[in-house]
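Scroll down for the structure; my scribbles are underneath it.
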Amino acid sequence: MMKTAGSVLQLVVDSKPNGKPRKRNDQLVDIGPRSVPWSAVNAFSKRLGVEPAVLLRLIGITERTALRRRAEGYLKPDEADRLLRIGRVLEEATRVFGEESRAAGWLSDPSPMFYEAAPLQYLDSDGGAQAVMQEIGRIGYGLFA
């Protein structure tokens, strides 16, 4: 079975706040304060093939804040949401490219559609993530600019 970015989403789905399992219909709405562990940052950066500092910049965590989060052991809900946004993009890219390594490579390589910048650099905002998702969709349909 191919492991995809769905595993990042699974971190939220499978967590058990207050000992109670989450309901399937709130997996992206109710991200609690202790839903996504700090270790997800390192694990996910490896899957993307980037340094953790790059991923932290994309989810808006400064070096000083990173030290606090590491000590606390968990991301804050807004930070977790931004990490999951990147996970959803990787998941869709993996579906289109067929392999996570190819998807991560595409996200990291400069692209003419993004003015010779890597699509990954655009994932620090919702608008940027939408633009990257649209490009992935075009590739999936075989439409190239």
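Identifiers in the structure tokens: chain A, B, ... in order shown; residue index from 1 per chain; ligand index from 1 in order shown.
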query = Which polymer residues have any atom within 9 Å of an atom of A:Ala53, counting only C-alpha atoms, with same-chain residues fewer than 4 positions away left out, as a list of chain:residue names?
reply = A:Ser45, A:Arg57, A:Leu58, A:Ile61, A:Thr62, A:Glu63
Suppose we keep C-alpha atoms; can you now write the selection as a short mmCIF file (atom, residue, chain, number, x, y, z; two decimals), in the first residue's frame?
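New file selection24.cif:
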```
data_model
loop_
_atom_site.label_atom_id
_atom_site.label_comp_id
_atom_site.auth_asym_id
_atom_site.auth_seq_id
_atom_site.Cartn_x
_atom_site.Cartn_y
_atom_site.Cartn_z
CA SER A 45 9.46 17.48 6.13
CA ARG A 57 8.43 28.85 7.40
CA LEU A 58 5.53 27.64 5.25
CA ILE A 61 6.41 29.26 12.74
CA THR A 62 9.48 31.30 13.64
CA GLU A 63 12.61 29.73 15.08
#
```
With stretch 98-113 of chain A as the partner and 9 Å as the cut-off, tabulate the residues of stretch 25-80 of chain A that qualify, each row holding the nearest pair of atoms and their distance in Å to one decimal, using only C-alpha atoms, sorted by chain and rising number, as JSON lines.
```
{"residue": "A:Arg47", "atom": "CA", "partner": "A:Ala104", "partner_atom": "CA", "distance": 7.5}
{"residue": "A:Leu48", "atom": "CA", "partner": "A:Ala104", "partner_atom": "CA", "distance": 5.1}
{"residue": "A:Gly49", "atom": "CA", "partner": "A:Ala104", "partner_atom": "CA", "distance": 6.8}
{"residue": "A:Val50", "atom": "CA", "partner": "A:Ser108", "partner_atom": "CA", "distance": 8.2}
```
How would the residues just picked look written out with N, CA and C atoms as a PDB file, in the first residue's frame?
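Listed below is the output, selection_1.pdb:
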```
ATOM      1  N   ARG A  47       9.234  13.559   4.315  1.00  0.00           N
ATOM      2  CA  ARG A  47       8.424  13.061   3.203  1.00  0.00           C
ATOM      3  C   ARG A  47       8.413  14.045   2.045  1.00  0.00           C
ATOM      4  N   LEU A  48       8.469  15.338   2.363  1.00  0.00           N
ATOM      5  CA  LEU A  48       8.528  16.361   1.318  1.00  0.00           C
ATOM      6  C   LEU A  48       9.934  16.509   0.738  1.00  0.00           C
ATOM      7  N   GLY A  49      10.925  15.996   1.454  1.00  0.00           N
ATOM      8  CA  GLY A  49      12.307  16.127   1.012  1.00  0.00           C
ATOM      9  C   GLY A  49      12.864  17.517   1.236  1.00  0.00           C
ATOM     10  N   VAL A  50      12.408  18.175   2.290  1.00  0.00           N
ATOM     11  CA  VAL A  50      12.887  19.519   2.623  1.00  0.00           C
ATOM     12  C   VAL A  50      13.337  19.545   4.076  1.00  0.00           C
TER      13      VAL A  50
END
```
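Coordinates place atom CA of A:Pro33 at a distance of 10.6 Å from atom CA of A:Gly73.
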query = If we count only C-alpha atoms, what is near A:Arg34 at a cut-off of 8 Å, once residues fewer than 4 positions away on the same chain are taken out, given as number ranges by chain?
reply = A: 17, 74-77
message = Give me, as a list in words, all polymer residues having an atom no more than 9 Å from A:Val132, counting only C-alpha atoms and skipping those fewer than 3 positions away in the same chain.
response = Val89, Leu107, Phe114, Pro119, Leu120, Tyr122, Leu123, Gly127, Gly128, Ala129, Glu135, Ile136 and Gly137 of chain A
